[in-house]
Amino acid sequence: MVVQKRSAPLDWEDLRFFVALARAGSLSAAARQLKVSHATVGRRVAALEDTLGRALFDRRADGYALTAEGAAVLELAAGMDERALAILRRAGQESGLTGTVRLTAAETLAERFLIPRLAEFHRRHPGIELEVLSDPRSLSLARREADVAVRLARPQAGELFTRRLAAMAYGVYVAPGGDTSAWVGYDDSFAHLPEAQWLAQHAAGARVALRANGLAAQFAAVRAGFGKAVVPRWFAEEEGGLIEVPPPAPPPVREAWLVVHRDLKDVPRVRALIDAVVAAFEAEQARLGASGP
């Protein structure tokens with residue numbers, strides 16, 4: 001499809017919306033990322049196509065797919081997008097202890113460990129608005145989808161500052177009166193996790209009573225008596241009321257890493273959050289890596 005070209009100048013905001021849609025693949029996903037309505041995303045992209053006189057997407061039932069022209073424009077626009085974000089990160093270095101900071105972590109780690117331990121950060125820095133994002137995908141620090149991340153693996157690429165926070169020990173737990181002969185595990189979408197691989201290796205052939213795609217769901221199943229599960233010791237202690245049982249082999253140990261874009265690590269409000277996260281993990285080192293029975 002060819003769109004008749006108009007004479008209006010290029011609107012840089014239209015390019016930003018185009019890049020977001022190209023990366024997200026759907027209007028709704030791009031709208032969530034940009035915090036606007038999906039109609040706004042559609043309108044902005046249509047305006048860019050009108051300006052360029054080219055169709056940049058094929059509209060399909062399952063989402064938006066780049067045309068050949070769209071792919072070429074994305075290659076150029078993505079570089080501009082990265083430079084614009086670098087300018088924003090640099091400008092942020094002049095900001096004080098006000099504004100928004102986005103922290104991303106796995107859902108259970110964010111809800112049960114980090115948020116309760118960041119209350120002092122909130123009291124000390126009331127001008128900082130903290131956003132905690134528990135997204136199953138790894139949010140991009142380069143694209144400012146998040147400012148600070150706590151991840152259970154060290155990133156191997158990117159202009160990132162990383163710091164090891166803690167070694168997190170795991171154990172095998174069951175509810176009082178629960179079925180000790182059966183396991184509660186992850187579904188296939190989490191088969192890549194070290195704890196899922198440990199279970200596949202050391203409990204091969206054992207009965208799995210329930211599989212879930214999250215730690216909270218696994219705990220609910222353990223509490224309901226479905227069986228035993230390999231879970232972080234700190235979480236089992238926070239939940240309470242479970243019994244630790246001898247594992248068939250030493251359970252995995254996972255490392256928690258703090259990750260932040262190098263351009264942001266010295267921004268005052270980001271540095272304040274980094275210090276608070278580091279302090280939270282340092283205060284719990286003994287419990288996070290506690291040895292089992």
# chains A, B, ... in the order shown; residues from 1 in each chain; ligands from 1
$ residues_around --residues "Pro252 of chain A" --least-positions-apart "5" --cutoff "12 Å" --atoms "only C-alpha atoms" --output "ChimeraX atom specification"
/A:167-172,193-199,201-202,230-233,247,289,291-292
$ atom_distance --atom1 "atom CA of Ala166 of chain A" --atom2 "atom CA of Thr98 of chain A"
28.5 Å
$ closest_residue --among "A:Gly214, A:Gly240, A:Gly178, A:Gly205" --to "Phe226 of chain A" --atoms "only C-alpha atoms"
A:Gly178
$ closest_residue --among "A:Leu152, A:Leu27, A:Val208, A:Leu165" --to "Gly185 of chain A" --atoms "only C-alpha atoms"
A:Val208
$ residues_around --residues "Leu10 of chain A" --least-positions-apart "4" --cutoff "12 Å" --atoms "only C-alpha atoms" --output "PyMOL selection string"
chain A and resi 5-6+14-16+44-45+47-53
$ residues_around --residues "Phe18 of chain A" --least-positions-apart "5" --cutoff "10 Å" --atoms "only C-alpha atoms" --output "list in words"
Trp12, Glu13, Arg23, Ala24, Ala30, Val41, Gly42, Arg44, Val45, Ala46, Ala47, Leu48, Glu49, Leu56, Phe57, Gly70, Val73, Leu74, Ala77 and Ala78 of chain A
$ residues_around --residues "Arg60 of chain A" --least-positions-apart "4" --cutoff "12 Å" --atoms "only C-alpha atoms" --output "list in words"
Gly25, Ser26, Leu27, Tyr64, Ala65, Leu66 and Thr67 of chain A
$ closest_residue --among "A:Ala61, A:Trp234, A:Ala249, A:Arg32" --to "Glu145 of chain A" --atoms "only C-alpha atoms"
A:Arg32
$ residues_around --residues "Lys228 of chain A" --least-positions-apart "6" --cutoff "7 Å" --atoms "only C-alpha atoms" --output "PyMOL selection string"
chain A and resi 172-174+180+182-184+222
$ select_by_dssp --residues "segment 200-241 of chain A" --states "helix (DSSP H, G or I)" --output "PyMOL selection string"
chain A and resi 200-202+215-223+233-239
$ write_last_selection --atoms "C-alpha atoms" --output "mmCIF file, in the first residue's frame"
data_model
loop_
_atom_site.group_PDB
_atom_site.id
_atom_site.type_symbol
_atom_site.label_atom_id
_atom_site.label_comp_id
_atom_site.auth_asym_id
_atom_site.auth_seq_id
_atom_site.Cartn_x
_atom_site.Cartn_y
_atom_site.Cartn_z
ATOM 1 C CA ALA A 200 14.134 -32.262 36.401
ATOM 2 C CA GLN A 201 17.556 -33.733 37.154
ATOM 3 C CA HIS A 202 17.192 -34.867 40.752
ATOM 4 C CA LEU A 215 6.414 -18.981 43.027
ATOM 5 C CA ALA A 216 3.328 -17.700 44.842
ATOM 6 C CA ALA A 217 1.165 -20.323 43.112
ATOM 7 C CA GLN A 218 3.647 -23.029 44.047
ATOM 8 C CA PHE A 219 3.478 -21.986 47.680
ATOM 9 C CA ALA A 220 -0.292 -22.051 47.592
ATOM 10 C CA ALA A 221 -0.111 -25.623 46.288
ATOM 11 C CA VAL A 222 2.400 -26.637 48.965
ATOM 12 C CA ARG A 223 0.199 -25.141 51.673
ATOM 13 C CA ARG A 233 14.736 -20.161 51.978
ATOM 14 C CA TRP A 234 13.982 -16.507 52.684
ATOM 15 C CA PHE A 235 10.529 -16.850 51.152
ATOM 16 C CA ALA A 236 9.766 -20.025 53.096
ATOM 17 C CA GLU A 237 10.785 -18.261 56.311
ATOM 18 C CA GLU A 238 8.653 -15.207 55.496
ATOM 19 C CA GLU A 239 5.657 -17.423 54.781
#
$ closest_residue --among "A:Ile274, A:Ala229, A:Leu34, A:Ala204" --to "Pro251 of chain A" --atoms "only C-alpha atoms"
A:Ala229
$ closest_residue --among "A:Val267, A:Val36, A:Ser189, A:Ala175" --to "Gly241 of chain A" --atoms "only C-alpha atoms"
A:Ala175
$ closest_atom_pairs --of "segment 101-171 of chain A" --to "segment 269-272 of chain A" --cutoff "10 Å" --atoms "only C-alpha atoms" --output "tab-separated table"
residue	atom	partner	partner_atom	distance
A:Val101	CA	A:Val270	CA	6.4
A:Arg102	CA	A:Val270	CA	8.8
A:Leu103	CA	A:Val270	CA	9.5
A:Phe121	CA	A:Ala272	CA	7.8
A:Arg124	CA	A:Ala272	CA	9.5
A:His125	CA	A:Ala272	CA	8.3
A:Gly127	CA	A:Arg269	CA	9.2
A:Ile128	CA	A:Arg269	CA	6.9
A:Glu129	CA	A:Arg269	CA	9.5
A:Leu130	CA	A:Arg269	CA	9.8
A:Asp147	CA	A:Val270	CA	7.3
A:Val148	CA	A:Val270	CA	7.5
$ closest_residue --among "A:Asn213, A:Thr104, A:Gln156, A:Ser37" --to "Glu131 of chain A" --atoms "only C-alpha atoms"
A:Thr104
$ atom_distance --atom1 "atom CA of His192 of chain A" --atom2 "atom CA of Trp257 of chain A"
18.2 Å
